[in-house]
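Colleague: Could you have a look at this structure, given as structure tokens, before my questions?
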Amino acid sequence: MSKKEMIAMLLAGGKGTRLGVLTKEIAKPAVPFGAEYRLIDFPLSNCSNSNIDTVGVLTQYEPLVLNSYIGNGSSWDLDRRDGGVRVLPPYIREGGGSWYKGTSHAIYENIKYIDLYDPDYVLVLSGDHIYKMDYSVMLEDHKATGADASIAVMEVPWEDTNRFGVMITDDNKRIVDFQEKPDDPRSNLASMGIYIFNWPMLRDYLQRDAENPDSSGDFGNDIIPAMLKDKLHLNAYTFSGYWKDVGTINSYWQAHMDLLKEDNMGLNLYDRDWVIYSVNPNRPPQYLSSEAKVRNSMINKGTKIQGEVENSVIFYGVEIGRNAIIKDSVIMPNVKIEDGAYINKAIIGQNSLIKDNARIGIGDAINYNVTVIGESETIINGAKIEHGSIVG
Amino acid sequence: MNNVMAILNNNPQGISLKELTGHRSLASVPIASRYRLIDFPLSNLVNSGVDNVGILLESRFRSLLDHIGPGKAWGLDTKNDGLFLLPPAHINKPGNVYKGDIENFQANLDYIHRSSQEYVIISYPSIVCNIDYRPIVKDHIDSRADITVVYKDLETLYKDSHYTTININDNNRITEMKINPDTRKDTRVSLKKYIMRKDILLEIIDQCVSTGQWDFEKNGISANLDKYNVQGYEIHNYIAIISSLSEYYRRNMELLQPKIFNDFYDTNGPVFTKPKDEAATKYTSKARVHNIIAANGCLINGEVEKSVLFRGVQIGENASVKNSIIMQKSQVGEDAELENVILDKNVTITPGKKLKGDPSFPLIIDKNSII
């Protein structure tokens, strides 16, 4: 195998506990998103568009769907003769090997894979963020600053800083300290979970960290603090544009509503110069009957719409019956919604069946909470489901 | 079906669709919102388990090659068998006048010889349907026919369309076959799907070439009804014969009826096409849509009724589109009005323009035009 300047390691083993019923049977990066995609399509497409042709995908929790989804990587143009995408589950080797304890431990367990390509730099990514980013620009910045590591950051509103790890930098964008979910933030530069490391340096740290039995094997808890302590040059690379961690039901729902805003909140999925690729489900075109009413919504192929759809994102293979009303909702693949059903501010999981006249997301008109119906659930005729309920 | 190969004959003879084939081959004519004509025969074949398919190219095949690529979308990018693109005879003999499709068979005899299969299906991209070949091939073998012709009784034939009509006797044997006749007594129509043993195909090619006759259907099948036992196999599926512009328009529009849409897509397996990685179609708060078929990647900001939209179409604010077919990447500007119109690919209609065709004769706008 030939030497690569930079390869990417994509962390895709997380369970995504806070997504609840949506990740009961699939890893978080395999969660469907934006009518056509799964979360992992965003970092994989970014890699492909940034000309990074070697990507290791670290899987652990419920990997089956993810493994078959990634396949040989051809959907993202990552089926390369030299490099390409590789799914890397934990494995046992002579004298060691174990489950991935944390993010950096997962990389440690795959040092052999990375060494095959003898890279100068390793890009570490998460499989569950929605954004478009040219990693080659970040690499240029990393090289220009001569840093040992670069961490992508973005400015967030000060009141949101307690949800992120924030980086405190000097005038040269050099990171001098960081705070994890602080109540007394000293910066509003939130880490996006995107790192570029000089590989020989990271390799040393990973090996040292592995010898420490008290380490949790995590970049945020162990590796980055150790590098700061050793006064390494950690560079903050500032990103501006749409970026969203869709780790909670609310943020997942909100990210879909963002797509429906006039300017998509800056996440343009129609840009042919930066295509977000996916494994195309082969479906017929979408069919809207003469009774259908569709307003401010995204609708994918393979759907048959006879009812009313407003402010909603409809994934492939969905059928919506006559006089059904769908508002402010996310309807995942292959959901059947029968005649007269009413769905308000809800997420309906894949393959679920909502029978005639069922009403989902009802109750108090103020302070609506998102209602979630899990995968392959059946909601019976005329059922009434209060807003904020979780079914599944 | 390991023992069956197929040859798609891209011969445009008897088709008057020059408005759409000026710059593309018949096989790559866009249809039904996200497909090309060739997607249907190719998908039928792979869904029936045929995995050795040759495509006889004619002329203007750049867009066809681009669409087919190595055949990956149909699972035909395999080491053994798979997809074979068969160049036309005139490539080898520049300046030669095109005599007929038999020339193209002859130019690719090596492919036919080398294929290991015993049976061959000859099909044409101009007839769109969703059928399973397995019962047809079984019937062909069981009936000991030399050639089996798939047909359908259309009951009504349109004046503005072209057909190959057949007459059939009580033993299911085809006694008469007429290609594009002016007077049509028979309403039974050949669907241009011919099943035979490979050695019979080779015999037909040899006979035609050696007697200076060059039309596969006319000289190879129709003229040989006495020599070979040619049997009919009737199907009742939905079919669309795309042999003229009005027929093309009529068949696309017909898909807006829910029953026909379901027959078309939901029987006998999926129709595969080249994936384009478009985002889902977006309908803004100003969109008003009634009875449409749309592919992905569209942005709908105006009113669309009874129309077929291909990938990446944009409809501007207050624009009105009725009974129309809008092909890939075409844009309709604000306040424009279209009725009974076909926009070929990448057409721009500037704001406020009004274009109207007749329901029986749609107005067609050439690829890349700006109006």
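Ligands are numbered from 1 in the order shown, chains are lettered A, B, ... in the order of the structure tokens, and residues start at 1 in each chain.
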Counting only C-alpha atoms, collect the residues of chain A whose closest atom lies at most 7 Å from chain B, and write them out as a PyMOL selection string.
Modeller: chain A and resi 35-36+269-270+277-278+280+282+284-301
Colleague: If you count only C-alpha atoms, which residues fall within 6 Å of range 122-133 of chain A, apart from same-chain ones fewer than 2 positions away, as a list in words?
Modeller: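 Here the qualifying residues turn out to be Met6, Ile7, Ala8, Met9, Leu10, Leu11, Ala12, Pro29, Leu39, Ile40, Tyr135, Ile194, Tyr195, Ile196, Phe197, Trp199, Tyr242, Trp243, Lys244 and Asp245 of chain A.
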Colleague: Excluding same-chain residues fewer than 3 positions from Leu66 in chain A, what lies within 6 Å of it counting only C-alpha atoms, as JSON, numbers by chain?
Modeller: {"A": [30, 63, 69]}
Colleague: Can you list, as a PyMOL selection string, every protein, DNA or RNA residue that comes within 9 Å of Ala336 in chain B when you count only C-alpha atoms, leaving out same-chain residues fewer than 6 positions away?
Modeller: chain B and resi 316-321+349-355
Colleague: Would you list, as a PDB file with C-alpha atoms, in the first residue's frame, the residues of range 97-268 of chain A that end up in alpha helix (DSSP H) under DSSP run on this structure's backbone?
Modeller:
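Contents of selection_10.pdb, freshly written:
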```
ATOM      1  CA  THR A 103     -12.726   7.309  21.198  1.00  0.00           C
ATOM      2  CA  SER A 104      -8.938   7.366  21.377  1.00  0.00           C
ATOM      3  CA  HIS A 105      -8.717   3.742  22.470  1.00  0.00           C
ATOM      4  CA  ALA A 106     -10.574   2.810  19.278  1.00  0.00           C
ATOM      5  CA  ILE A 107      -7.823   4.516  17.278  1.00  0.00           C
ATOM      6  CA  TYR A 108      -5.148   2.833  19.424  1.00  0.00           C
ATOM      7  CA  ILE A 111      -2.639   1.500  14.883  1.00  0.00           C
ATOM      8  CA  LYS A 112      -1.735  -1.361  12.539  1.00  0.00           C
ATOM      9  CA  TYR A 113      -4.352  -0.272  10.015  1.00  0.00           C
ATOM     10  CA  ILE A 114      -3.128   3.328  10.081  1.00  0.00           C
ATOM     11  CA  ASP A 115       0.524   2.269   9.799  1.00  0.00           C
ATOM     12  CA  LEU A 116      -0.293   0.447   6.545  1.00  0.00           C
ATOM     13  CA  TYR A 135     -11.087  18.906   5.449  1.00  0.00           C
ATOM     14  CA  SER A 136      -8.312  19.741   2.975  1.00  0.00           C
ATOM     15  CA  VAL A 137      -8.639  23.410   3.950  1.00  0.00           C
ATOM     16  CA  MET A 138      -8.313  22.443   7.607  1.00  0.00           C
ATOM     17  CA  LEU A 139      -5.193  20.450   6.752  1.00  0.00           C
ATOM     18  CA  GLU A 140      -3.683  23.463   4.970  1.00  0.00           C
ATOM     19  CA  ASP A 141      -4.330  25.548   8.098  1.00  0.00           C
ATOM     20  CA  HIS A 142      -2.836  22.819  10.265  1.00  0.00           C
ATOM     21  CA  LYS A 143       0.321  22.704   8.158  1.00  0.00           C
ATOM     22  CA  ALA A 144       0.605  26.497   7.955  1.00  0.00           C
ATOM     23  CA  THR A 145       0.517  26.864  11.726  1.00  0.00           C
ATOM     24  CA  TRP A 199       0.479  10.738  13.267  1.00  0.00           C
ATOM     25  CA  PRO A 200       3.882   9.868  14.828  1.00  0.00           C
ATOM     26  CA  MET A 201       3.056  12.180  17.736  1.00  0.00           C
ATOM     27  CA  LEU A 202      -0.471  10.825  18.239  1.00  0.00           C
ATOM     28  CA  ARG A 203       0.843   7.270  17.985  1.00  0.00           C
ATOM     29  CA  ASP A 204       3.155   7.929  20.969  1.00  0.00           C
ATOM     30  CA  TYR A 205       0.361   9.404  23.055  1.00  0.00           C
ATOM     31  CA  LEU A 206      -1.987   6.539  22.250  1.00  0.00           C
ATOM     32  CA  GLN A 207       0.601   3.976  23.290  1.00  0.00           C
ATOM     33  CA  ARG A 208       1.400   5.774  26.512  1.00  0.00           C
ATOM     34  CA  ASP A 209      -2.287   6.201  27.293  1.00  0.00           C
ATOM     35  CA  ALA A 210      -2.899   2.490  26.735  1.00  0.00           C
ATOM     36  CA  ILE A 224      -6.094  16.268  24.697  1.00  0.00           C
ATOM     37  CA  PRO A 225      -5.454  17.078  28.411  1.00  0.00           C
ATOM     38  CA  ALA A 226      -2.180  15.143  28.255  1.00  0.00           C
ATOM     39  CA  MET A 227      -1.105  17.079  25.148  1.00  0.00           C
ATOM     40  CA  LEU A 228      -2.006  20.400  26.786  1.00  0.00           C
ATOM     41  CA  LYS A 229      -0.067  19.422  29.883  1.00  0.00           C
ATOM     42  CA  ILE A 249     -34.469  13.788  19.989  1.00  0.00           C
ATOM     43  CA  ASN A 250     -34.940  17.552  20.087  1.00  0.00           C
ATOM     44  CA  SER A 251     -31.810  18.448  18.154  1.00  0.00           C
ATOM     45  CA  TYR A 252     -32.568  15.692  15.635  1.00  0.00           C
ATOM     46  CA  TRP A 253     -36.057  17.084  15.097  1.00  0.00           C
ATOM     47  CA  GLN A 254     -34.772  20.673  15.012  1.00  0.00           C
ATOM     48  CA  ALA A 255     -32.136  19.829  12.382  1.00  0.00           C
ATOM     49  CA  HIS A 256     -34.958  18.645  10.114  1.00  0.00           C
ATOM     50  CA  MET A 257     -36.916  21.837  10.684  1.00  0.00           C
ATOM     51  CA  ASP A 258     -33.720  23.755   9.807  1.00  0.00           C
ATOM     52  CA  LEU A 259     -33.688  22.031   6.406  1.00  0.00           C
ATOM     53  CA  LEU A 260     -37.140  23.443   5.721  1.00  0.00           C
TER      54      LEU A 260
END
```
Colleague: Nearest to Gly388 in chain A: which of A:Val370, A:Ile331, A:Met167, A:Val85 is it, counting only C-alpha atoms?
Modeller: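 Nearest to Gly388 in chain A: A:Val370.
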Colleague: Compare A:Val87, A:Ile26, A:Ser75, A:Gly165 by their minimum atom-to-atom distance to Val55 in chain A, counting only C-alpha atoms, and give me the closest one.
Modeller: A:Val87
Colleague: Leaving out range 339-353 of chain A and any residue of its chain fewer than 2 positions from it, which residues lie within 8 Å of it when counting only C-alpha atoms, given as a PyMOL selection string?
Modeller: chain A and resi 22+253+307+320-337+355-362+368-379+382+387
Colleague: Tell me, which residues of range 29-234 of chain B carry DSSP strand (DSSP E), written as an MDAnalysis selection string?
Modeller: chainID B and resid 30:31 35:36 52:56 82:86 119:123 127:129 147:153 164:168 174:179 188:197 230:234
Colleague: Taking only C-alpha atoms into account, which of B:Gly82, B:Gly75, B:Pro87, B:Gly302 comes nearest Glu58 in chain B?
Modeller: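 Nearest candidate to Glu58 in chain B out of B:Gly82, B:Gly75, B:Pro87, B:Gly302: B:Pro87.
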Colleague: Excluding range 146-158 of chain A and its own-chain neighbours fewer than 5 positions away, which residues fall within 7 Å of it when counting only C-alpha atoms? Please give them as a PyMOL selection string.
Modeller: chain A and resi 188-192+194-198+232-240
Colleague: Please report the interatomic distance between CA of Ser161 in chain B and CA of Glu247 in chain B in Å with one decimal.
Modeller: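 Interatomic distance, CA of Ser161 in chain B to CA of Glu247 in chain B: 6.4 Å.
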Colleague: So what do you get for CA of Ile15 in chain B versus CA of Ser28 in chain B, distance-wise?
Modeller: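 Computed distance, CA of Ile15 in chain B to CA of Ser28 in chain B, equals 14.0 Å.
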